[in-house]
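One file, structure-v4.pdb, carrying PDB, C-alpha atoms and all ligand atoms:
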ATOM      1  CA  MET A 294     -15.634  -7.723 -56.062
ATOM      2  CA  LYS A 295     -12.577  -5.623 -56.965
ATOM      3  CA  GLN A 296      -9.686  -7.305 -58.747
ATOM      4  CA  ILE A 297      -6.325  -6.703 -57.128
ATOM      5  CA  ILE A 298      -4.265  -8.413 -59.858
ATOM      6  CA  SER A 299      -5.410  -9.889 -63.143
ATOM      7  CA  MET A 300      -3.162 -11.570 -65.710
ATOM      8  CA  LYS A 301      -4.703 -13.006 -68.850
ATOM      9  CA  SER A 302      -2.610 -15.189 -71.190
ATOM     10  CA  VAL A 303       0.563 -13.379 -70.115
ATOM     11  CA  SER A 304       3.854 -14.447 -71.673
ATOM     12  CA  LEU A 305       7.284 -12.877 -71.356
ATOM     13  CA  LEU A 306       9.929 -13.532 -73.964
ATOM     14  CA  ARG A 307      13.624 -12.766 -73.448
ATOM     15  CA  GLY A 308      15.820 -13.572 -76.443
ATOM     16  CA  ASN A 309      14.149 -16.672 -77.818
ATOM     17  CA  ARG A 310      13.206 -17.998 -74.349
ATOM     18  CA  GLU A 311       9.748 -17.802 -72.817
ATOM     19  CA  ILE A 312      10.417 -16.839 -69.189
ATOM     20  CA  LEU A 313       6.673 -16.783 -68.456
ATOM     21  CA  GLN A 314       4.242 -18.846 -70.501
ATOM     22  CA  ASP A 315       0.498 -18.285 -70.699
ATOM     23  CA  ILE A 316      -0.022 -17.054 -67.135
ATOM     24  CA  ASN A 317      -3.685 -16.743 -66.133
ATOM     25  CA  TRP A 318      -3.954 -15.540 -62.572
ATOM     26  CA  GLU A 319      -6.400 -13.496 -60.537
ATOM     27  CA  VAL A 320      -6.044 -12.001 -57.064
ATOM     28  CA  ARG A 321      -9.333 -10.773 -55.597
ATOM     29  CA  GLU A 322     -10.123  -8.541 -52.672
ATOM     30  CA  LYS A 323      -9.320  -9.975 -49.238
ATOM     31  CA  GLU A 324      -7.023 -12.662 -50.691
ATOM     32  CA  GLN A 325      -3.429 -12.840 -49.433
ATOM     33  CA  TRP A 326      -1.138 -14.683 -51.852
ATOM     34  CA  VAL A 327       2.178 -16.492 -51.612
ATOM     35  CA  ILE A 328       4.283 -17.281 -54.695
ATOM     36  CA  LEU A 329       6.479 -20.390 -54.505
ATOM     37  CA  GLY A 330       8.867 -21.901 -57.039
ATOM     38  CA  LEU A 331      12.447 -22.977 -57.579
ATOM     39  CA  ASN A 332      15.193 -20.475 -58.418
ATOM     40  CA  GLY A 333      14.632 -19.248 -61.963
ATOM     41  CA  SER A 334      10.970 -20.347 -62.076
ATOM     42  CA  GLY A 335       9.795 -16.783 -62.860
ATOM     43  CA  LYS A 336       8.748 -15.326 -59.483
ATOM     44  CA  THR A 337      10.692 -12.056 -59.859
ATOM     45  CA  SER A 338       9.525 -11.728 -63.462
ATOM     46  CA  ILE A 339       5.891 -11.911 -62.268
ATOM     47  CA  LEU A 340       6.577  -9.246 -59.608
ATOM     48  CA  ASN A 341       8.264  -7.033 -62.215
ATOM     49  CA  ILE A 342       5.157  -7.267 -64.368
ATOM     50  CA  VAL A 343       2.833  -6.474 -61.431
ATOM     51  CA  THR A 344       4.872  -3.370 -60.591
ATOM     52  CA  GLY A 345       5.022  -2.354 -64.266
ATOM     53  CA  TYR A 346       8.816  -2.532 -64.500
ATOM     54  CA  GLN A 347       8.576  -5.245 -67.153
ATOM     55  CA  TYR A 348       5.994  -5.322 -69.918
ATOM     56  CA  PRO A 349       4.662  -8.720 -71.041
ATOM     57  CA  THR A 350       5.317  -9.810 -74.608
ATOM     58  CA  LYS A 351       1.730 -11.087 -74.817
ATOM     59  CA  GLY A 352      -1.410 -10.871 -72.733
ATOM     60  CA  GLU A 353      -3.318  -8.422 -70.548
ATOM     61  CA  VAL A 354      -2.482  -7.150 -67.064
ATOM     62  CA  SER A 355      -4.570  -5.137 -64.605
ATOM     63  CA  VAL A 356      -3.431  -4.145 -61.137
ATOM     64  CA  LEU A 357      -5.771  -2.542 -58.588
ATOM     65  CA  GLY A 358      -8.415  -2.344 -61.292
ATOM     66  CA  GLN A 359      -6.183  -0.398 -63.713
ATOM     67  CA  LYS A 360      -5.391  -1.867 -67.088
ATOM     68  CA  PHE A 361      -1.751  -1.627 -68.171
ATOM     69  CA  GLY A 362      -1.351   0.322 -71.366
ATOM     70  CA  GLN A 363      -4.174   2.667 -70.308
ATOM     71  CA  THR A 364      -2.910   3.729 -66.904
ATOM     72  CA  ASN A 365      -0.346   6.073 -65.400
ATOM     73  CA  LEU A 366       2.236   3.635 -63.981
ATOM     74  CA  PRO A 367       4.068   6.070 -61.653
ATOM     75  CA  GLU A 368       0.679   6.954 -60.066
ATOM     76  CA  LEU A 369      -0.279   3.282 -59.761
ATOM     77  CA  ARG A 370       3.096   2.448 -58.178
ATOM     78  CA  LYS A 371       2.296   4.851 -55.324
ATOM     79  CA  GLN A 372      -0.414   2.369 -54.287
ATOM     80  CA  ILE A 373       2.028  -0.544 -54.302
ATOM     81  CA  GLY A 374       4.505  -1.053 -51.451
ATOM     82  CA  PHE A 375       7.544  -3.087 -52.477
ATOM     83  CA  VAL A 376      10.235  -4.552 -50.214
ATOM     84  CA  SER A 377      12.648  -6.822 -52.025
ATOM     85  CA  SER A 378      15.993  -8.405 -51.289
ATOM     86  CA  SER A 379      16.809  -7.751 -54.964
ATOM     87  CA  LEU A 380      16.838  -4.008 -54.131
ATOM     88  CA  ASP A 381      19.721  -4.348 -51.632
ATOM     89  CA  GLY A 382      21.963  -2.195 -53.869
ATOM     90  CA  PHE A 383      19.385   0.586 -53.803
ATOM     91  CA  TYR A 384      18.922   0.256 -50.022
ATOM     92  CA  GLN A 385      22.670   0.793 -49.544
ATOM     93  CA  THR A 386      22.101   4.392 -50.596
ATOM     94  CA  LEU A 387      20.122   4.788 -47.343
ATOM     95  CA  ARG A 388      23.256   4.140 -45.232
ATOM     96  CA  SER A 389      23.436   7.443 -43.401
ATOM     97  CA  GLU A 390      19.681   8.076 -43.132
ATOM     98  CA  THR A 391      17.935   7.663 -39.773
ATOM     99  CA  ALA A 392      15.249   5.005 -39.341
ATOM    100  CA  GLU A 393      12.461   7.587 -38.985
ATOM    101  CA  ASP A 394      13.551   9.571 -42.071
ATOM    102  CA  ILE A 395      13.613   6.350 -44.097
ATOM    103  CA  VAL A 396      10.057   5.548 -42.985
ATOM    104  CA  ILE A 397       8.844   9.082 -43.822
ATOM    105  CA  SER A 398      10.597   9.044 -47.223
ATOM    106  CA  GLY A 399       8.185   6.270 -48.275
ATOM    107  CA  LYS A 400       5.537   8.939 -48.688
ATOM    108  CA  PHE A 401       7.593  10.658 -51.385
ATOM    109  CA  ALA A 402       9.233   7.520 -52.858
ATOM    110  CA  SER A 403      12.532   9.365 -52.383
ATOM    111  CA  ILE A 404      15.947   8.651 -50.893
ATOM    112  CA  GLY A 405      16.539  11.204 -48.197
ATOM    113  CA  LEU A 406      14.063  13.912 -47.277
ATOM    114  CA  TYR A 407      14.091  16.803 -49.691
ATOM    115  CA  GLU A 408      10.376  17.457 -49.688
ATOM    116  CA  ASN A 409       8.381  19.392 -47.126
ATOM    117  CA  VAL A 410       7.623  17.009 -44.298
ATOM    118  CA  THR A 411       4.499  17.965 -42.396
ATOM    119  CA  TYR A 412       3.687  17.460 -38.741
ATOM    120  CA  GLU A 413       1.108  14.840 -39.866
ATOM    121  CA  ASP A 414       3.804  12.935 -41.812
ATOM    122  CA  ARG A 415       5.972  12.755 -38.683
ATOM    123  CA  GLU A 416       2.964  11.642 -36.625
ATOM    124  CA  GLN A 417       2.094   8.936 -39.149
ATOM    125  CA  ALA A 418       5.706   7.659 -39.206
ATOM    126  CA  GLU A 419       5.751   7.602 -35.384
ATOM    127  CA  GLN A 420       2.548   5.565 -35.318
ATOM    128  CA  LEU A 421       3.915   3.167 -37.911
ATOM    129  CA  MET A 422       7.161   2.712 -35.964
ATOM    130  CA  THR A 423       5.158   1.920 -32.828
ATOM    131  CA  PHE A 424       2.978  -0.494 -34.802
ATOM    132  CA  LEU A 425       6.105  -2.219 -36.177
ATOM    133  CA  ARG A 426       7.710  -2.241 -32.705
ATOM    134  CA  ILE A 427      10.728  -0.207 -33.885
ATOM    135  CA  ASP A 428      10.381   2.933 -31.744
ATOM    136  CA  HIS A 429      13.759   2.198 -30.217
ATOM    137  CA  LEU A 430      15.447   2.615 -33.622
ATOM    138  CA  LYS A 431      14.688   6.352 -33.836
ATOM    139  CA  GLY A 432      17.859   8.333 -34.352
ATOM    140  CA  LYS A 433      19.837   5.287 -35.510
ATOM    141  CA  THR A 434      21.219   5.288 -39.024
ATOM    142  CA  TYR A 435      20.543   2.444 -41.484
ATOM    143  CA  ASP A 436      24.153   1.237 -41.525
ATOM    144  CA  THR A 437      24.048   0.584 -37.760
ATOM    145  CA  LEU A 438      20.898  -1.601 -37.900
ATOM    146  CA  SER A 439      20.753  -5.411 -37.911
ATOM    147  CA  GLN A 440      19.319  -7.199 -40.967
ATOM    148  CA  GLY A 441      16.007  -7.781 -39.171
ATOM    149  CA  GLU A 442      15.776  -4.153 -38.049
ATOM    150  CA  ARG A 443      16.522  -2.960 -41.599
ATOM    151  CA  ARG A 444      13.719  -5.119 -43.022
ATOM    152  CA  LYS A 445      11.247  -3.681 -40.511
ATOM    153  CA  VAL A 446      12.275  -0.096 -41.319
ATOM    154  CA  LEU A 447      11.860  -0.851 -45.038
ATOM    155  CA  ILE A 448       8.425  -2.343 -44.390
ATOM    156  CA  GLY A 449       7.569   0.865 -42.516
ATOM    157  CA  ARG A 450       8.789   2.867 -45.511
ATOM    158  CA  ALA A 451       6.571   0.794 -47.819
ATOM    159  CA  LEU A 452       3.530   1.265 -45.537
ATOM    160  CA  MET A 453       3.969   5.036 -45.261
ATOM    161  CA  ALA A 454       2.167   5.590 -48.600
ATOM    162  CA  LYS A 455      -0.790   3.471 -47.335
ATOM    163  CA  PRO A 456      -0.501   0.998 -50.211
ATOM    164  CA  GLU A 457      -3.389  -1.228 -51.256
ATOM    165  CA  LEU A 458      -0.906  -3.891 -52.293
ATOM    166  CA  LEU A 459       2.235  -4.750 -50.327
ATOM    167  CA  ILE A 460       4.789  -6.966 -52.073
ATOM    168  CA  LEU A 461       7.284  -8.672 -49.797
ATOM    169  CA  ASP A 462       9.938 -10.434 -51.866
ATOM    170  CA  GLU A 463      11.909 -12.855 -49.658
ATOM    171  CA  PRO A 464      11.904 -10.579 -46.586
ATOM    172  CA  SER A 465      13.255 -13.362 -44.359
ATOM    173  CA  ILE A 466      16.409 -13.988 -46.360
ATOM    174  CA  GLY A 467      19.495 -13.927 -44.112
ATOM    175  CA  LEU A 468      17.465 -13.671 -40.884
ATOM    176  CA  ASP A 469      17.799 -15.971 -37.851
ATOM    177  CA  LEU A 470      14.743 -17.922 -36.659
ATOM    178  CA  LEU A 471      13.749 -15.330 -34.083
ATOM    179  CA  ALA A 472      14.012 -12.396 -36.513
ATOM    180  CA  ARG A 473      12.123 -14.391 -39.130
ATOM    181  CA  GLU A 474       9.232 -15.154 -36.767
ATOM    182  CA  ASP A 475       9.195 -11.479 -35.808
ATOM    183  CA  ILE A 476       8.739 -10.479 -39.471
ATOM    184  CA  LEU A 477       6.002 -13.120 -39.876
ATOM    185  CA  SER A 478       4.119 -11.863 -36.827
ATOM    186  CA  LEU A 479       4.331  -8.314 -38.208
ATOM    187  CA  MET A 480       3.007  -9.559 -41.523
ATOM    188  CA  LYS A 481       0.004 -11.008 -39.689
ATOM    189  CA  GLU A 482      -0.637  -7.660 -37.988
ATOM    190  CA  ILE A 483      -0.252  -5.780 -41.277
ATOM    191  CA  ILE A 484      -2.875  -8.017 -42.912
ATOM    192  CA  ILE A 485      -5.253  -7.549 -39.988
ATOM    193  CA  HIS A 486      -4.746  -3.850 -39.200
ATOM    194  CA  GLN A 487      -3.383  -2.093 -42.306
ATOM    195  CA  ARG A 488      -6.047  -3.515 -44.623
ATOM    196  CA  CYS A 489      -3.655  -4.061 -47.501
ATOM    197  CA  HIS A 490      -3.221  -7.091 -49.707
ATOM    198  CA  VAL A 491       0.053  -8.908 -49.228
ATOM    199  CA  LEU A 492       1.860 -10.679 -52.060
ATOM    200  CA  TYR A 493       4.595 -12.740 -50.464
ATOM    201  CA  VAL A 494       7.459 -14.467 -52.260
ATOM    202  CA  THR A 495       9.455 -17.015 -50.332
ATOM    203  CA  HIS A 496      11.465 -20.219 -50.644
ATOM    204  CA  TYR A 497      10.227 -21.477 -47.272
ATOM    205  CA  ILE A 498       6.831 -23.151 -47.153
ATOM    206  CA  GLU A 499       6.604 -22.987 -43.339
ATOM    207  CA  GLU A 500       6.456 -19.179 -43.652
ATOM    208  CA  ILE A 501       2.902 -19.465 -44.975
ATOM    209  CA  ILE A 502       1.136 -18.167 -41.882
ATOM    210  CA  GLU A 503      -2.550 -18.663 -41.149
ATOM    211  CA  GLU A 504      -3.514 -15.261 -42.586
ATOM    212  CA  MET A 505      -2.136 -16.118 -46.049
ATOM    213  CA  THR A 506      -5.061 -17.558 -48.005
ATOM    214  CA  HIS A 507      -3.839 -18.477 -51.492
ATOM    215  CA  VAL A 508      -0.743 -19.938 -53.169
ATOM    216  CA  LEU A 509       0.645 -19.731 -56.705
ATOM    217  CA  LEU A 510       3.084 -22.515 -57.644
ATOM    218  CA  LEU A 511       5.441 -21.749 -60.519
ATOM    219  CA  LYS A 512       7.674 -24.106 -62.471
ATOM    220  CA  GLU A 513       9.788 -23.102 -65.458
ATOM    221  CA  GLY A 514       7.644 -20.054 -66.152
ATOM    222  CA  GLN A 515       4.331 -21.909 -65.991
ATOM    223  CA  ILE A 516       1.660 -22.183 -63.321
ATOM    224  CA  VAL A 517       1.562 -25.622 -61.689
ATOM    225  CA  ALA A 518      -1.391 -24.624 -59.505
ATOM    226  CA  ALA A 519      -3.041 -21.485 -58.129
ATOM    227  CA  GLY A 520      -5.805 -21.263 -55.573
ATOM    228  CA  ARG A 521      -6.704 -21.694 -51.913
ATOM    229  CA  LYS A 522      -3.661 -22.897 -49.995
ATOM    230  CA  GLU A 523      -5.336 -26.066 -48.676
ATOM    231  CA  ALA A 524      -5.972 -27.201 -52.251
ATOM    232  CA  VAL A 525      -2.554 -26.192 -53.600
ATOM    233  CA  LEU A 526      -0.158 -27.250 -50.836
ATOM    234  CA  THR A 527      -0.441 -30.980 -51.500
ATOM    235  CA  ASP A 528       2.352 -33.590 -51.641
ATOM    236  CA  GLU A 529       1.767 -34.072 -55.379
ATOM    237  CA  LEU A 530       1.735 -30.406 -56.418
ATOM    238  CA  LEU A 531       4.685 -29.419 -54.193
ATOM    239  CA  SER A 532       6.708 -32.441 -55.394
ATOM    240  CA  GLU A 533       6.052 -31.446 -58.993
ATOM    241  CA  THR A 534       6.973 -27.807 -58.341
ATOM    242  CA  PHE A 535      10.179 -28.511 -56.419
ATOM    243  CA  GLN A 536      11.125 -31.694 -58.318
ATOM    244  CA  LEU A 537      11.601 -33.581 -55.043
ATOM    245  CA  PRO A 538       9.467 -36.156 -53.191
ATOM    246  CA  ILE A 539       7.846 -33.774 -50.703
ATOM    247  CA  LYS A 540       5.423 -34.529 -47.896
ATOM    248  CA  VAL A 541       3.536 -31.717 -46.236
ATOM    249  CA  HIS A 542       2.040 -31.696 -42.760
ATOM    250  CA  TRP A 543       0.200 -28.927 -40.900
ATOM    251  CA  GLU A 544       1.114 -27.717 -37.433
ATOM    252  CA  ASN A 545      -0.296 -24.622 -35.713
ATOM    253  CA  ASN A 546      -2.097 -23.817 -38.969
ATOM    254  CA  ARG A 547       1.190 -23.640 -40.869
ATOM    255  CA  PRO A 548       2.435 -26.115 -43.493
ATOM    256  CA  TRP A 549       5.793 -27.844 -42.925
ATOM    257  CA  VAL A 550       7.539 -30.090 -45.391
ATOM    258  CA  SER A 551       9.914 -33.026 -45.309
ATOM    259  CA  ILE A 552      11.746 -34.689 -48.170
ATOM    260  CA  HIS A 553      11.011 -38.396 -48.571
ATOM    261  CA  LYS A 554      13.686 -40.101 -50.630
ATOM    262  CA  ASN A 555      12.484 -43.460 -51.847
ATOM    263  CA  ILE A 556      14.667 -46.527 -51.161
ATOM    264  CA  SER A 557      15.973 -46.831 -54.697
ATOM    265  CA  SER A 558      17.193 -43.220 -54.776
ATOM    266  CA  THR A 559      19.099 -43.523 -51.451
ATOM    267  CA  LYS A 560      21.014 -46.659 -52.512
TER     268      LYS A 560
HETATM  269  N1  LIG A 601      16.427  -9.894 -68.708
HETATM  270  C1  LIG A 601      16.559 -11.213 -68.813
HETATM  271  N2  LIG A 601      17.145 -11.759 -69.916
HETATM  272  C2  LIG A 601      17.264 -13.093 -70.049
HETATM  273  N3  LIG A 601      16.849 -13.997 -69.130
HETATM  274  C3  LIG A 601      16.265 -13.508 -68.025
HETATM  275  C4  LIG A 601      16.090 -12.103 -67.807
HETATM  276  N4  LIG A 601      15.479 -11.931 -66.607
HETATM  277  C5  LIG A 601      15.275 -13.174 -66.096
HETATM  278  N5  LIG A 601      15.750 -14.115 -66.946
HETATM  279  C6  LIG A 601      15.692 -15.580 -66.751
HETATM  280  O1  LIG A 601      14.333 -15.899 -66.520
HETATM  281  C7  LIG A 601      14.208 -16.958 -65.597
HETATM  282  C8  LIG A 601      13.285 -16.526 -64.464
HETATM  283  O2  LIG A 601      13.944 -15.534 -63.681
HETATM  284  P1  LIG A 601      13.306 -14.938 -62.341
HETATM  285  O3  LIG A 601      14.318 -13.989 -61.798
HETATM  286  O4  LIG A 601      11.954 -14.420 -62.634
HETATM  287  O5  LIG A 601      13.218 -16.239 -61.412
HETATM  288  P2  LIG A 601      12.953 -16.352 -59.846
HETATM  289  O6  LIG A 601      11.930 -17.420 -59.689
HETATM  290  O7  LIG A 601      12.644 -15.022 -59.284
HETATM  291  O8  LIG A 601      14.354 -16.868 -59.295
HETATM  292  P3  LIG A 601      15.037 -16.694 -57.844
HETATM  293  O9  LIG A 601      14.263 -17.550 -56.886
HETATM  294  O10 LIG A 601      16.431 -17.187 -58.059
HETATM  295  O11 LIG A 601      14.979 -15.226 -57.489
HETATM  296  C9  LIG A 601      15.616 -17.283 -65.126
HETATM  297  O12 LIG A 601      16.061 -18.417 -65.818
HETATM  298  C10 LIG A 601      16.417 -16.053 -65.511
HETATM  299  O13 LIG A 601      17.755 -16.390 -65.811
END
Rewrite the structure of this file - the entire thing - as structure tokens.
Amino acid sequence: MKQIISMKSVSLLRGNREILQDINWEVREKEQWVILGLNGSGKTSILNIVTGYQYPTKGEVSVLGQKFGQTNLPELRKQIGFVSSSLDGFYQTLRSETAEDIVISGKFASIGLYENVTYEDREQAEQLMTFLRIDHLKGKTYDTLSQGERRKVLIGRALMAKPELLILDEPSIGLDLLAREDILSLMKEIIIHQRCHVLYVTHYIEEIIEEMTHVLLLKEGQIVAAGRKEAVLTDELLSETFQLPIKVHWENNRPWVSIHKNISSTK
């Protein structure tokens, strides 16, 4: 079975601090992963390593079967779709672009359309916009879109290059409940119909929809647990990761959590 991501004994040192320590993690074909952890636990650092924007101090990394150090990173990145709230500054440069041009530009990894756009490119973007239920945004510029609409256009942009791996880094941040559920239902359809592997980073456990299969828990740069979600999303492991007394319950095949303060800590 093909490996989608492989990290062996990966550490990342910044100054004299180990931001990631001895990470051993494997994502295989047909697995859909969620990364959870407190602020500063190392989630973004892991994503930066997967996308080749940060090189580990120690260890071995392969993504989509290509070993880092022996691969052409810009070529590999074309197979990775990346939508991240940490790129908001970059997305601002899209202000005056129309929704459909932003989607098409994903094929060229460019801002604006300076390349030759073919009839097939326009067709593909149209189909993607229909699939993402954003046909009605055609002709509208990025600065006139709501947060939820912007996220969907950016997801369309990421899908335009038909990536094998789609990284969604906190795509629900700043969205109301309705817009958030809309993004989650699109994620489900992407997993089912676009045949790509999703790597989803979130702070909200209830966003782990049925189609997500595996969870990586991170704490202070180390893995607390990694594996099938049913085995990882336990009271004990979540409490350790989030440093709170957490109880998890499942409803509609999604995990929900509550915080259980013990009597002594509420006095
Ligand atoms: N270039 C850097 N130099 C020094 N420290 C860094 C650098 N990049 C990240 N860090 C530190 O590494 C730790 C992990 O950061 P990272 O951004 O990976 O966490 P995160 O889990 O993504 O956090 P958040 O949920 O807030 O986005 C943090 O303590 C951060 O301050």
* Take the PyMOL selection byres (((chain A and resi 370) around 10) and not hetatm), apply it to the structure above, and return the hits as a PyMOL selection string. => chain A and resi 343-346+356+365-369+371-375+402+456+458
* Kindly work out which residues sit at most 7 Å from ligand LIG 601 (chain A), using only C-alpha atoms and all ligand atoms, and give the list as a ChimeraX atom specification. => /A:307-308,312,330-339,514
* Taking the file above as input, evaluate the PyMOL selection byres (((chain A and resi 552) around 10) and not hetatm) and report the hits as JSON, numbers by chain. => {"A": [532, 537, 538, 539, 540, 541, 550, 551, 553, 554, 555]}
So for segment 460-463 of chain A, what box centre and size do we get, axis-aligned, 4 Å extra on each of the six sides, every listed atom, Å to one decimal, as AutoDock Vina command-line options?
--center_x 8.3 --center_y -9.9 --center_z -50.9 --size_x 15.1 --size_y 13.9 --size_z 10.4
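Near Ile298 of chain A, within 9 Å and counting all atoms listed in the file, sit Trp318, Glu319, Val320, Arg321, Val343, Val354, Ser355, Val356, Leu357 and Gly358 of chain A; same-chain residues fewer than 5 positions away were not included.
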* I need the residue set behind the PyMOL selection byres (((chain A and resi 542) around 12) and not hetatm) for this file; please write it as a list in words. =>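 The output of the PyMOL selection byres (((chain A and resi 542) around 12) and not hetatm) on this file is Ile498, Glu499, Glu523, Leu526, Thr527, Asp528, Leu531, Ile539, Lys540, Val541, Trp543, Glu544, Asn545, Asn546, Arg547, Pro548, Trp549, Val550, Ser551 and Ile552 of chain A.
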* Which neighbours of segment 419-424 of chain A fall inside 9 Å, counting all atoms listed in the file, when residues of the same chain fewer than 6 positions from it are skipped, and could you give them as number ranges by chain? -> A: 393, 396, 430-431, 445-446, 449, 452-453, 479, 482-483
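A straight line drawn from atom CA of Ser304 of chain A to atom CA of Trp326 of chain A is 20.4 Å long.
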* Structure fact -> Pairwise distance, atom CA of Val491 of chain A with atom CA of Gln515 of chain A, equals 21.6 Å
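Comparing the minimum interatomic distances between Ala454 of chain A and each of A:Lys360, A:Lys400, A:Lys481, A:His486, counting all atoms listed in the file, we find that A:Lys400 sits nearest.
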* Considering all atoms listed in the file, return as a list in words whatever protein or nucleic-acid residues lie within 9 Å of Val517 of chain A, sequence-local ones (same chain, fewer than 6 positions apart) excluded. => Leu509, Leu510, Leu511, Leu530, Leu531, Glu533 and Thr534 of chain A
* Asked: Interatomic distance between atom CA of Tyr384 of chain A and atom CA of Tyr435 of chain A?
  ->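 Computed distance, atom CA of Tyr384 of chain A to atom CA of Tyr435 of chain A, equals 9.0 Å.
The closest residue to Gln440 of chain A, picked from A:Glu413, A:Glu390, A:Glu503, A:Asp381 and counting only C-alpha atoms, is A:Asp381.
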* Can you work out which one of A:Thr411, A:Gln417, A:Ser377, A:Gln359 has the shortest atom-to-atom distance to Tyr493 of chain A, counting only C-alpha atoms? => A:Ser377
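Proximity ranking of A:Ser379, A:Ser389, A:Asn317, A:Ser299 relative to Ala518 of chain A places A:Asn317 first, based on all atoms listed in the file.
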